[in-house]
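The structure file coords-v7.cif is reproduced below (mmCIF, C-alpha atoms and all ligand atoms).
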data_query
#
loop_
_atom_site.label_atom_id
_atom_site.label_comp_id
_atom_site.auth_asym_id
_atom_site.auth_seq_id
_atom_site.Cartn_x
_atom_site.Cartn_y
_atom_site.Cartn_z
CA MET A 1251 -250.03 143.10 -27.42
CA THR A 1252 -252.10 140.76 -25.24
CA ASN A 1253 -250.80 139.34 -22.01
CA ASN A 1254 -250.48 135.92 -23.62
CA GLN A 1255 -248.44 137.33 -26.48
CA LEU A 1256 -246.14 139.08 -24.02
CA ARG A 1257 -245.69 135.81 -22.12
CA THR A 1258 -244.69 134.09 -25.37
CA VAL A 1259 -242.24 136.87 -26.22
CA VAL A 1260 -240.59 136.65 -22.81
CA GLN A 1261 -240.26 132.87 -23.00
CA ALA A 1262 -238.78 132.88 -26.50
CA MET A 1263 -236.40 135.84 -26.13
CA PRO A 1264 -232.67 135.08 -25.99
CA LYS A 1265 -231.35 135.55 -22.47
CA ALA A 1266 -228.41 134.94 -20.15
CA GLU A 1267 -228.55 133.50 -16.65
CA LEU A 1268 -226.06 135.00 -14.19
CA HIS A 1269 -227.22 133.62 -10.84
CA ILE A 1270 -227.73 129.88 -10.64
CA HIS A 1271 -226.24 127.61 -7.96
CA ILE A 1272 -225.73 124.30 -9.70
CA GLU A 1273 -226.41 122.41 -6.45
CA GLY A 1274 -229.75 124.26 -6.37
CA SER A 1275 -230.73 122.67 -9.67
CA LEU A 1276 -230.71 119.19 -8.15
CA GLU A 1277 -234.31 117.99 -8.51
CA PRO A 1278 -235.74 115.64 -5.84
CA GLU A 1279 -236.00 112.83 -8.40
CA LEU A 1280 -232.27 113.13 -9.19
CA ILE A 1281 -231.42 113.37 -5.47
CA PHE A 1282 -233.15 110.02 -4.94
CA ALA A 1283 -231.63 108.44 -8.04
CA LEU A 1284 -228.11 109.50 -6.99
CA ALA A 1285 -228.72 108.40 -3.39
CA GLU A 1286 -229.58 104.96 -4.68
CA ARG A 1287 -226.67 104.88 -7.15
CA ASN A 1288 -224.22 105.86 -4.40
CA GLY A 1289 -225.75 104.03 -1.43
CA VAL A 1290 -226.41 107.27 0.46
CA GLN A 1291 -229.11 107.13 3.14
CA LEU A 1292 -231.57 110.06 2.95
CA THR A 1293 -233.62 111.20 5.94
CA TYR A 1294 -236.71 111.59 3.72
CA PRO A 1295 -238.61 108.43 2.76
CA SER A 1296 -239.76 109.59 -0.68
CA VAL A 1297 -239.53 112.25 -3.40
CA GLU A 1298 -242.90 113.60 -2.24
CA ALA A 1299 -241.79 113.82 1.40
CA LEU A 1300 -238.64 115.68 0.35
CA ARG A 1301 -240.62 118.09 -1.82
CA GLN A 1302 -242.98 118.73 1.07
CA ALA A 1303 -240.04 119.86 3.18
CA TYR A 1304 -239.49 122.72 0.70
CA ALA A 1305 -241.50 125.18 2.80
CA PHE A 1306 -238.90 127.73 3.80
CA LYS A 1307 -239.24 130.56 6.28
CA ASP A 1308 -235.93 132.25 5.51
CA LEU A 1309 -232.53 131.73 3.86
CA GLN A 1310 -231.14 129.48 6.62
CA SER A 1311 -234.11 127.10 6.60
CA PHE A 1312 -233.50 126.63 2.87
CA LEU A 1313 -229.72 126.24 3.17
CA ASP A 1314 -230.10 123.41 5.71
CA ILE A 1315 -232.09 121.34 3.19
CA TYR A 1316 -229.97 122.44 0.22
CA TYR A 1317 -226.74 121.20 1.83
CA ALA A 1318 -228.44 117.91 2.81
CA GLY A 1319 -229.58 117.43 -0.81
CA ALA A 1320 -226.04 117.96 -2.09
CA SER A 1321 -224.77 115.07 0.07
CA VAL A 1322 -225.70 112.56 -2.68
CA LEU A 1323 -223.05 114.01 -5.02
CA LEU A 1324 -219.95 111.83 -4.81
CA LYS A 1325 -218.60 110.93 -8.27
CA GLU A 1326 -217.65 113.00 -11.30
CA GLN A 1327 -220.59 111.48 -13.16
CA ASP A 1328 -222.98 112.81 -10.48
CA PHE A 1329 -221.74 116.37 -11.00
CA TYR A 1330 -221.92 115.85 -14.75
CA ASP A 1331 -225.50 114.54 -14.64
CA MET A 1332 -226.69 117.39 -12.40
CA THR A 1333 -225.12 120.03 -14.66
CA ALA A 1334 -226.31 118.40 -17.88
CA ALA A 1335 -229.89 118.34 -16.53
CA TYR A 1336 -229.72 122.06 -15.70
CA LEU A 1337 -228.26 122.97 -19.09
CA LYS A 1338 -231.07 121.11 -20.83
CA LYS A 1339 -233.64 123.17 -18.91
CA ALA A 1340 -231.70 126.35 -19.66
CA ALA A 1341 -231.62 125.58 -23.39
CA ALA A 1342 -235.39 124.95 -23.36
CA ASP A 1343 -235.86 128.41 -21.80
CA ASN A 1344 -233.78 130.04 -24.56
CA VAL A 1345 -230.87 130.73 -22.26
CA ARG A 1346 -227.94 131.35 -24.63
CA HIS A 1347 -225.29 131.92 -21.98
CA THR A 1348 -225.07 130.97 -18.31
CA GLU A 1349 -222.55 131.66 -15.56
CA ILE A 1350 -222.90 128.79 -13.11
CA PHE A 1351 -222.06 129.04 -9.40
CA PHE A 1352 -220.70 125.99 -7.62
CA ASP A 1353 -219.92 125.52 -3.92
CA PRO A 1354 -216.79 123.31 -3.70
CA GLN A 1355 -216.59 123.45 0.10
CA THR A 1356 -219.95 121.66 0.35
CA HIS A 1357 -218.26 118.70 -1.33
CA THR A 1358 -214.60 118.85 -0.30
CA ALA A 1359 -215.71 118.93 3.37
CA ARG A 1360 -217.29 115.48 2.73
CA GLY A 1361 -214.08 114.14 1.23
CA VAL A 1362 -215.00 114.64 -2.44
CA PRO A 1363 -211.87 115.81 -4.30
CA MET A 1364 -211.93 119.28 -5.89
CA GLU A 1365 -210.99 117.63 -9.19
CA THR A 1366 -214.14 115.48 -9.14
CA VAL A 1367 -216.37 118.53 -8.58
CA VAL A 1368 -214.78 120.82 -11.15
CA ASN A 1369 -214.30 118.22 -13.88
CA GLY A 1370 -217.84 116.84 -13.66
CA ILE A 1371 -219.44 120.28 -13.90
CA TYR A 1372 -216.97 121.55 -16.51
CA LYS A 1373 -217.35 118.57 -18.85
CA ALA A 1374 -221.13 118.94 -18.89
CA CYS A 1375 -220.67 122.61 -19.84
CA GLN A 1376 -218.39 121.64 -22.69
CA ASP A 1377 -220.92 119.12 -24.00
CA SER A 1378 -223.82 121.64 -24.04
CA PRO A 1379 -224.92 123.89 -26.91
CA VAL A 1380 -225.46 126.63 -24.30
CA SER A 1381 -222.45 128.90 -23.66
CA ALA A 1382 -221.56 128.14 -20.03
CA THR A 1383 -218.83 129.34 -17.67
CA LEU A 1384 -218.18 128.65 -13.98
CA ILE A 1385 -217.92 130.83 -10.88
CA LEU A 1386 -216.50 129.24 -7.73
CA CYS A 1387 -218.34 130.41 -4.60
CA PHE A 1388 -216.92 130.57 -1.09
CA LEU A 1389 -219.29 129.72 1.76
CA ARG A 1390 -219.47 132.76 4.00
CA HIS A 1391 -220.50 130.82 7.13
CA LEU A 1392 -217.04 129.21 7.03
CA SER A 1393 -213.77 130.99 7.83
CA GLU A 1394 -211.63 133.01 5.46
CA GLU A 1395 -208.82 130.50 6.08
CA ASP A 1396 -211.11 127.77 4.71
CA ALA A 1397 -211.83 129.94 1.66
CA LEU A 1398 -208.11 130.55 1.10
CA GLU A 1399 -207.40 126.84 1.33
CA THR A 1400 -210.24 126.12 -1.10
CA LEU A 1401 -208.77 128.63 -3.54
CA GLU A 1402 -205.39 126.87 -3.34
CA GLN A 1403 -207.07 123.52 -4.06
CA ALA A 1404 -208.83 125.05 -7.07
CA LEU A 1405 -205.77 126.72 -8.61
CA PRO A 1406 -204.74 123.65 -10.65
CA PHE A 1407 -208.12 124.11 -12.39
CA ARG A 1408 -207.77 127.89 -12.80
CA ASP A 1409 -208.56 127.67 -16.53
CA LYS A 1410 -211.94 126.03 -15.79
CA PHE A 1411 -213.55 128.92 -13.86
CA ILE A 1412 -213.80 132.60 -14.69
CA GLY A 1413 -214.53 134.08 -11.29
CA VAL A 1414 -215.38 133.71 -7.64
CA GLY A 1415 -218.44 134.56 -5.57
CA LEU A 1416 -219.63 134.56 -1.98
CA ASP A 1417 -222.79 132.77 -0.85
CA SER A 1418 -224.52 130.95 2.05
CA SER A 1419 -225.73 132.57 5.32
CA GLU A 1420 -225.47 136.32 4.82
CA VAL A 1421 -226.41 138.04 8.08
CA GLY A 1422 -223.49 138.01 10.54
CA HIS A 1423 -220.99 137.24 7.78
CA PRO A 1424 -220.24 140.61 6.14
CA PRO A 1425 -218.17 140.81 2.95
CA GLU A 1426 -215.18 142.29 4.79
CA LYS A 1427 -214.64 138.89 6.43
CA PHE A 1428 -213.31 137.78 3.01
CA ALA A 1429 -211.17 140.80 2.13
CA ARG A 1430 -207.89 138.86 1.81
CA VAL A 1431 -209.16 135.98 -0.28
CA PHE A 1432 -210.95 138.33 -2.69
CA ALA A 1433 -207.79 140.48 -2.99
CA ARG A 1434 -205.88 137.34 -3.92
CA CYS A 1435 -208.53 136.35 -6.49
CA ARG A 1436 -208.36 139.84 -7.95
CA ASP A 1437 -204.58 139.47 -8.37
CA LEU A 1438 -205.25 136.19 -10.18
CA GLY A 1439 -207.42 138.02 -12.71
CA LEU A 1440 -210.64 136.32 -11.64
CA HIS A 1441 -214.00 138.05 -11.96
CA LEU A 1442 -215.54 138.92 -8.59
CA VAL A 1443 -219.17 138.78 -7.43
CA ALA A 1444 -220.86 138.43 -4.03
CA HIS A 1445 -224.32 137.84 -2.61
CA ALA A 1446 -225.25 141.01 -0.72
CA GLY A 1447 -228.46 142.74 0.26
CA GLU A 1448 -230.61 139.59 0.02
CA GLU A 1449 -231.34 139.33 3.75
CA GLY A 1450 -228.41 141.52 4.77
CA PRO A 1451 -228.44 145.33 4.90
CA PRO A 1452 -227.35 147.76 2.14
CA ALA A 1453 -224.09 148.24 4.10
CA TYR A 1454 -223.12 144.74 2.90
CA ILE A 1455 -223.62 145.85 -0.72
CA GLN A 1456 -221.38 148.82 -0.05
CA SER A 1457 -218.61 146.74 1.52
CA ALA A 1458 -218.87 144.11 -1.24
CA LEU A 1459 -218.13 146.96 -3.68
CA ASP A 1460 -215.57 148.90 -1.66
CA VAL A 1461 -213.73 146.13 0.20
CA LEU A 1462 -214.12 143.08 -2.06
CA LYS A 1463 -214.29 145.18 -5.26
CA VAL A 1464 -216.96 142.98 -6.84
CA GLU A 1465 -218.18 143.67 -10.37
CA ARG A 1466 -221.78 142.47 -9.80
CA ILE A 1467 -224.02 142.13 -6.78
CA ASP A 1468 -226.03 138.92 -6.40
CA HIS A 1469 -229.58 139.76 -5.26
CA GLY A 1470 -229.01 143.30 -3.94
CA VAL A 1471 -232.75 143.95 -3.66
CA ARG A 1472 -232.36 145.77 -0.33
CA ILE A 1473 -230.33 148.48 -2.09
CA LEU A 1474 -233.39 150.74 -2.36
CA GLU A 1475 -233.19 151.31 1.41
CA ASP A 1476 -230.10 153.47 0.72
CA ARG A 1477 -230.72 156.21 -1.80
CA ALA A 1478 -227.10 157.37 -2.16
CA LEU A 1479 -225.94 153.79 -2.73
CA THR A 1480 -228.71 153.21 -5.27
CA GLU A 1481 -227.62 156.29 -7.21
CA ARG A 1482 -224.00 155.24 -7.10
CA VAL A 1483 -224.65 151.67 -8.28
CA ALA A 1484 -226.87 152.98 -11.08
CA ARG A 1485 -224.22 155.52 -12.11
CA GLU A 1486 -221.46 152.89 -12.11
CA GLY A 1487 -223.60 150.41 -14.03
CA ILE A 1488 -223.03 147.62 -11.52
CA ALA A 1489 -225.56 144.89 -12.22
CA LEU A 1490 -227.85 143.17 -9.72
CA THR A 1491 -228.67 139.52 -10.33
CA VAL A 1492 -232.22 139.42 -8.98
CA CYS A 1493 -233.99 136.11 -8.31
CA PRO A 1494 -237.75 136.70 -8.01
CA LEU A 1495 -239.03 133.21 -7.10
CA SER A 1496 -236.20 132.80 -4.60
CA ASN A 1497 -237.13 136.11 -2.99
CA THR A 1498 -240.76 135.11 -2.43
CA LYS A 1499 -239.92 131.52 -1.35
CA LEU A 1500 -237.37 132.80 1.21
CA ARG A 1501 -239.75 135.54 2.37
CA VAL A 1502 -237.60 138.48 1.29
CA PHE A 1503 -240.93 139.64 -0.19
CA ASP A 1504 -244.26 138.20 1.01
CA GLN A 1505 -245.68 137.87 -2.48
CA MET A 1506 -244.61 138.58 -6.05
CA GLN A 1507 -246.84 141.67 -6.23
CA ASP A 1508 -244.58 143.17 -3.53
CA HIS A 1509 -241.35 142.51 -5.43
CA ASN A 1510 -239.31 145.65 -6.17
CA LEU A 1511 -237.99 144.67 -9.63
CA VAL A 1512 -239.85 147.53 -11.33
CA GLN A 1513 -238.52 150.07 -8.80
CA LEU A 1514 -234.98 148.74 -9.34
CA LEU A 1515 -235.33 149.26 -13.10
CA ASP A 1516 -236.95 152.67 -12.60
CA ALA A 1517 -233.97 153.67 -10.42
CA GLY A 1518 -231.76 153.06 -13.47
CA LEU A 1519 -230.15 149.91 -12.12
CA VAL A 1520 -228.93 147.09 -14.39
CA ALA A 1521 -231.28 144.52 -12.85
CA THR A 1522 -231.45 141.01 -14.30
CA VAL A 1523 -233.79 138.06 -13.71
CA ASN A 1524 -232.34 134.70 -12.60
CA SER A 1525 -233.39 131.42 -10.99
CA ASP A 1526 -230.95 131.04 -8.02
CA ASP A 1527 -231.93 127.49 -6.94
CA PRO A 1528 -234.56 126.43 -9.47
CA ALA A 1529 -235.23 122.92 -8.08
CA TYR A 1530 -236.08 124.41 -4.68
CA PHE A 1531 -237.90 127.62 -5.55
CA GLY A 1532 -240.45 126.53 -8.13
CA GLY A 1533 -238.79 127.08 -11.42
CA TYR A 1534 -236.12 127.82 -13.96
CA MET A 1535 -235.51 131.02 -15.97
CA ASN A 1536 -238.82 131.25 -17.80
CA ASP A 1537 -240.78 130.43 -14.65
CA ASN A 1538 -239.08 133.42 -13.04
CA PHE A 1539 -239.77 135.69 -16.02
CA LEU A 1540 -243.42 134.61 -16.19
CA ALA A 1541 -243.87 135.10 -12.44
CA VAL A 1542 -242.76 138.74 -12.61
CA PHE A 1543 -244.55 139.53 -15.87
CA ASP A 1544 -247.76 138.02 -14.45
CA SER A 1545 -247.56 139.95 -11.16
CA LEU A 1546 -245.86 143.28 -11.90
CA PRO A 1547 -246.53 146.17 -14.30
CA LEU A 1548 -243.94 145.08 -16.88
CA GLY A 1549 -244.32 145.45 -20.64
CA LEU A 1550 -242.49 144.75 -23.89
CA SER A 1551 -239.84 147.43 -23.35
CA HIS A 1552 -239.04 145.90 -19.95
CA ALA A 1553 -238.66 142.49 -21.58
CA GLN A 1554 -236.10 143.84 -24.03
CA ARG A 1555 -234.31 145.73 -21.30
CA LEU A 1556 -234.10 142.63 -19.07
CA ALA A 1557 -232.83 140.49 -21.95
CA ARG A 1558 -230.22 143.16 -22.84
CA ASN A 1559 -229.20 143.62 -19.19
CA SER A 1560 -228.49 139.91 -18.86
CA PHE A 1561 -225.87 140.11 -21.63
CA VAL A 1562 -224.60 143.58 -20.68
CA ALA A 1563 -223.82 142.21 -17.20
CA ALA A 1564 -222.31 138.93 -18.43
CA PHE A 1565 -218.58 138.24 -18.16
CA LEU A 1566 -218.10 137.74 -21.88
CA PRO A 1567 -215.52 138.99 -24.38
CA ALA A 1568 -216.77 142.24 -25.98
CA GLU A 1569 -217.35 140.69 -29.38
CA GLN A 1570 -219.40 137.79 -28.05
CA LYS A 1571 -221.39 140.14 -25.82
CA GLN A 1572 -222.21 142.38 -28.79
CA ALA A 1573 -223.28 139.38 -30.87
CA PHE A 1574 -225.75 138.34 -28.16
CA LEU A 1575 -227.03 141.93 -27.80
CA ASP A 1576 -227.51 142.08 -31.57
CA GLU A 1577 -229.46 138.83 -31.36
CA VAL A 1578 -231.73 140.33 -28.68
CA ASP A 1579 -232.31 143.50 -30.69
CA ALA A 1580 -232.99 141.55 -33.88
CA TYR A 1581 -235.48 139.38 -32.01
CA PHE A 1582 -237.43 142.39 -30.74
CA ALA A 1583 -237.20 144.23 -34.07
CA ALA A 1584 -238.77 141.23 -35.83
CA LEU A 1585 -241.80 141.07 -33.55
CA PRO A 1586 -245.11 142.00 -35.21
CA VAL A 1587 -246.34 145.41 -33.96
N1 LIG A 1601 -226.74 129.37 -1.78
C1 LIG A 1601 -227.65 128.92 -2.65
N2 LIG A 1601 -228.63 129.81 -2.83
C2 LIG A 1601 -228.32 130.88 -2.04
C3 LIG A 1601 -228.94 132.13 -1.79
N3 LIG A 1601 -230.08 132.48 -2.35
N4 LIG A 1601 -228.35 132.96 -0.91
C4 LIG A 1601 -227.20 132.62 -0.32
N5 LIG A 1601 -226.58 131.46 -0.54
C5 LIG A 1601 -227.13 130.59 -1.39
ZN ZN A 1602 -227.86 132.76 -4.82
#
Can the structure in the file be given as structure tokens, please?
Amino acid sequence: MTNNQLRTVVQAMPKAELHIHIEGSLEPELIFALAERNGVQLTYPSVEALRQAYAFKDLQSFLDIYYAGASVLLKEQDFYDMTAAYLKKAAADNVRHTEIFFDPQTHTARGVPMETVVNGIYKACQDSPVSATLILCFLRHLSEEDALETLEQALPFRDKFIGVGLDSSEVGHPPEKFARVFARCRDLGLHLVAHAGEEGPPAYIQSALDVLKVERIDHGVRILEDRALTERVAREGIALTVCPLSNTKLRVFDQMQDHNLVQLLDAGLVATVNSDDPAYFGGYMNDNFLAVFDSLPLGLSHAQRLARNSFVAAFLPAEQKQAFLDEVDAYFAALPV
């Protein structure tokens, strides 16, 4: 199979996305359109000037711009439009199922009601042909009290999200800071995930598992620094939602050739490929897949494994999960040899 054929296979294969912040799908053009619609003053004079500011040196330098971009979201229709635009891109990349993160505190802190945020995003999911569920993320730079209060505000909409996550500035905000709120979410039957081991040390991955009891680790690429932890996570089948373009844009790796995705797979880990914040990092799902397949020694068997991993790690009922896995296997079985 030629490189071009492999690229086509990877683009067309059915896949799931498990790590996408919906606020990170807000394209500069939509930021400006919503700013105008809502009378919000932006500090950047043009789409081009805003795009030029997307030169990040680390996670925090990105988050500062990402939270500023989200300030144009005020009405339910804004949240709907943002989500609908993402789902259209996902469908074009043959994403069959997506589990979308949203950051309510970014909006409720500006006076936007929880109801506006959840309903706008949820309605767009319902109107899409892509299977889509929601994961509410707590901002780890804020207090656990703030997270607990946010959870209370979200409980009237409990049927509209399947789980909770933990994102924002990692270093200095270890998972154990959120032990109580995650315990409460666990009692509520919510799925649990957390960003860990993106910029933070492997110890954060360990405490996300042992203290928060998460079922997946978001990013987790620094796990290879701890061999015992790597072996444990592989043995337990805990998935990592890896985001290659994010990792190079935020300087977790200097260039894609340095990315450790192949080593993660070789270690037996359930690694998946995801876009994180596609409007800020240079692309959606297929851009991420093409970036790793162009830069790393990955072949057809890796493509099938990554597609399977994405559904294996998804929070889906067993029957639906198996149907997607069968679709992946049928797709690869039908490829010309
Ligand atoms: N919020 C949006 N993208 C994020 C990332 N990559 N890490 C932590 N928080 C985030
Ligand atoms: Zn993320």
Each residue of chain A lying at most 8 Å from ligand ZN 1602 (chain A) should get a row with its shortest atom-to-atom pair and the distance in Å to one decimal, counting all atoms listed in the file; could you produce that, ordered by chain and increasing number, as a tab-separated table?
residue	atom	partner	partner_atom	distance
A:His1269	CA	A:ZN1602	ZN	6.1
A:Ile1270	CA	A:ZN1602	ZN	6.5
A:His1271	CA	A:ZN1602	ZN	6.2
A:Asp1417	CA	A:ZN1602	ZN	6.4
A:Ser1418	CA	A:ZN1602	ZN	7.9
A:His1445	CA	A:ZN1602	ZN	6.6
A:Asp1468	CA	A:ZN1602	ZN	6.6
A:His1469	CA	A:ZN1602	ZN	7.2
A:Cys1493	CA	A:ZN1602	ZN	7.8
A:Asp1526	CA	A:ZN1602	ZN	4.8
A:Asp1527	CA	A:ZN1602	ZN	7.0
Identify, on the basis of all atoms listed in the file, every residue whose closest approach to Val1322 of chain A does not exceed 12 Å; exclude the query and any residue fewer than 3 positions from it along the same chain; express the result as a PDB file with C-alpha atoms, in the frame of the given file.
ATOM      1  CA  GLU A1273    -226.410 122.410  -6.450  1.00  0.00           C
ATOM      2  CA  LEU A1276    -230.710 119.190  -8.150  1.00  0.00           C
ATOM      3  CA  GLU A1277    -234.310 117.990  -8.510  1.00  0.00           C
ATOM      4  CA  PRO A1278    -235.740 115.640  -5.840  1.00  0.00           C
ATOM      5  CA  GLU A1279    -236.000 112.830  -8.400  1.00  0.00           C
ATOM      6  CA  LEU A1280    -232.270 113.130  -9.190  1.00  0.00           C
ATOM      7  CA  ILE A1281    -231.420 113.370  -5.470  1.00  0.00           C
ATOM      8  CA  PHE A1282    -233.150 110.020  -4.940  1.00  0.00           C
ATOM      9  CA  ALA A1283    -231.630 108.440  -8.040  1.00  0.00           C
ATOM     10  CA  LEU A1284    -228.110 109.500  -6.990  1.00  0.00           C
ATOM     11  CA  ALA A1285    -228.720 108.400  -3.390  1.00  0.00           C
ATOM     12  CA  GLU A1286    -229.580 104.960  -4.680  1.00  0.00           C
ATOM     13  CA  ARG A1287    -226.670 104.880  -7.150  1.00  0.00           C
ATOM     14  CA  ASN A1288    -224.220 105.860  -4.400  1.00  0.00           C
ATOM     15  CA  GLY A1289    -225.750 104.030  -1.430  1.00  0.00           C
ATOM     16  CA  VAL A1290    -226.410 107.270   0.460  1.00  0.00           C
ATOM     17  CA  GLN A1291    -229.110 107.130   3.140  1.00  0.00           C
ATOM     18  CA  LEU A1292    -231.570 110.060   2.950  1.00  0.00           C
ATOM     19  CA  THR A1293    -233.620 111.200   5.940  1.00  0.00           C
ATOM     20  CA  TYR A1316    -229.970 122.440   0.220  1.00  0.00           C
ATOM     21  CA  TYR A1317    -226.740 121.200   1.830  1.00  0.00           C
ATOM     22  CA  ALA A1318    -228.440 117.910   2.810  1.00  0.00           C
ATOM     23  CA  GLY A1319    -229.580 117.430  -0.810  1.00  0.00           C
ATOM     24  CA  LYS A1325    -218.600 110.930  -8.270  1.00  0.00           C
ATOM     25  CA  GLU A1326    -217.650 113.000 -11.300  1.00  0.00           C
ATOM     26  CA  GLN A1327    -220.590 111.480 -13.160  1.00  0.00           C
ATOM     27  CA  ASP A1328    -222.980 112.810 -10.480  1.00  0.00           C
ATOM     28  CA  PHE A1329    -221.740 116.370 -11.000  1.00  0.00           C
ATOM     29  CA  MET A1332    -226.690 117.390 -12.400  1.00  0.00           C
ATOM     30  CA  THR A1356    -219.950 121.660   0.350  1.00  0.00           C
ATOM     31  CA  HIS A1357    -218.260 118.700  -1.330  1.00  0.00           C
ATOM     32  CA  ARG A1360    -217.290 115.480   2.730  1.00  0.00           C
ATOM     33  CA  VAL A1362    -215.000 114.640  -2.440  1.00  0.00           C
TER      34      VAL A1362
END
Find the axis-aligned box for ligand LIG 1601 (chain A), covering all its listed atoms and adding 4 Å on each side, and write its centre and edge lengths in Å to one decimal as JSON.
{"center_x": -228.3, "center_y": 130.9, "center_z": -1.6, "size_x": 11.5, "size_y": 12.0, "size_z": 10.5}
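Distance annotation: of A:Ala1583, A:Val1464, A:Ile1350, A:Val1483, the residue with the minimal separation from ligand LIG 1601 (chain A) is A:Ile1350; atom set is all atoms listed in the file.
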What do you get as a compact mmCIF listing (two decimals) with C-alpha atoms, in the frame of the given file if you pick all residues at most 10 Å from ligand LIG 1601 (chain A), counting only C-alpha atoms and all ligand atoms?
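Generated file (part_5.txt):
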# COMPACT_ATOMS: atom_id res chain seq x y z
CA HIS A 1269 -227.22 133.62 -10.84
CA ILE A 1270 -227.73 129.88 -10.64
CA HIS A 1271 -226.24 127.61 -7.96
CA ILE A 1272 -225.73 124.30 -9.70
CA GLU A 1273 -226.41 122.41 -6.45
CA GLY A 1274 -229.75 124.26 -6.37
CA SER A 1275 -230.73 122.67 -9.67
CA ASP A 1308 -235.93 132.25 5.51
CA LEU A 1309 -232.53 131.73 3.86
CA GLN A 1310 -231.14 129.48 6.62
CA PHE A 1312 -233.50 126.63 2.87
CA LEU A 1313 -229.72 126.24 3.17
CA TYR A 1316 -229.97 122.44 0.22
CA TYR A 1317 -226.74 121.20 1.83
CA PHE A 1351 -222.06 129.04 -9.40
CA PHE A 1352 -220.70 125.99 -7.62
CA ASP A 1353 -219.92 125.52 -3.92
CA CYS A 1387 -218.34 130.41 -4.60
CA PHE A 1388 -216.92 130.57 -1.09
CA LEU A 1389 -219.29 129.72 1.76
CA ARG A 1390 -219.47 132.76 4.00
CA HIS A 1391 -220.50 130.82 7.13
CA LEU A 1416 -219.63 134.56 -1.98
CA ASP A 1417 -222.79 132.77 -0.85
CA SER A 1418 -224.52 130.95 2.05
CA SER A 1419 -225.73 132.57 5.32
CA GLU A 1420 -225.47 136.32 4.82
CA ALA A 1444 -220.86 138.43 -4.03
CA HIS A 1445 -224.32 137.84 -2.61
CA ALA A 1446 -225.25 141.01 -0.72
CA GLY A 1447 -228.46 142.74 0.26
CA GLU A 1448 -230.61 139.59 0.02
CA GLU A 1449 -231.34 139.33 3.75
CA ASP A 1468 -226.03 138.92 -6.40
CA HIS A 1469 -229.58 139.76 -5.26
CA VAL A 1492 -232.22 139.42 -8.98
CA CYS A 1493 -233.99 136.11 -8.31
CA SER A 1496 -236.20 132.80 -4.60
CA ASN A 1497 -237.13 136.11 -2.99
CA LYS A 1499 -239.92 131.52 -1.35
CA LEU A 1500 -237.37 132.80 1.21
CA SER A 1525 -233.39 131.42 -10.99
CA ASP A 1526 -230.95 131.04 -8.02
CA ASP A 1527 -231.93 127.49 -6.94
CA PRO A 1528 -234.56 126.43 -9.47
CA TYR A 1530 -236.08 124.41 -4.68
CA PHE A 1531 -237.90 127.62 -5.55
Practice problem: Can you work out which one of A:Gly1532, A:Pro1494, A:Pro1406, A:Gly1415 has the shortest atom-to-atom distance to Tyr1304 of chain A, counting all atoms listed in the file? | Solution: A:Gly1532
Self-check item: Counting all atoms listed in the file, the option among A:Thr1491, A:Ser1393, A:Asn1344, A:Gln1507 closest to Tyr1534 of chain A
Solution: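 Of A:Thr1491, A:Ser1393, A:Asn1344, A:Gln1507, the one nearest Tyr1534 of chain A, counting all atoms listed in the file, is A:Asn1344.
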Practice problem: For atom CA of Arg1436 of chain A and atom CA of Gly1518 of chain A, quote the distance in Å rounded to one decimal. | Solution: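 Rounded to one decimal, the two atoms are 27.4 Å apart.
Across the structure, atom CA of Pro1567 of chain A and atom CA of Leu1438 of chain A are spaced 17.7 Å apart.
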Quiz item: Looking at only C-alpha atoms, which of A:Asn1254, A:Thr1366, A:Lys1427, A:Ser1378 is the one that sits closest to Lys1339 of chain A?
Solution: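 Distance minimum relative to Lys1339 of chain A lands on A:Ser1378.
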Self-check item: Residue with smallest distance to Met1251 of chain A - pool A:Gly1549, A:Pro1451, A:Leu1556, A:Leu1514, counting only C-alpha atoms
Solution: A:Gly1549
Exercise. Please tell me which residues are no farther than 7 Å from (-225.2, 152.9, 0.1) in the file, counting all atoms listed in the file, and write them as an NGL selection string.
Key: :A and (1452-1453 or 1456 or 1476-1480)
Quiz prompt | Within 12 Å of Phe1432 of chain A using only C-alpha atoms, minus same-chain residues under 5 positions, as an NGL selection string | solution = :A and (1386-1388 or 1394-1395 or 1397-1398 or 1401 or 1413-1416 or 1425-1427 or 1437-1444 or 1458-1465)
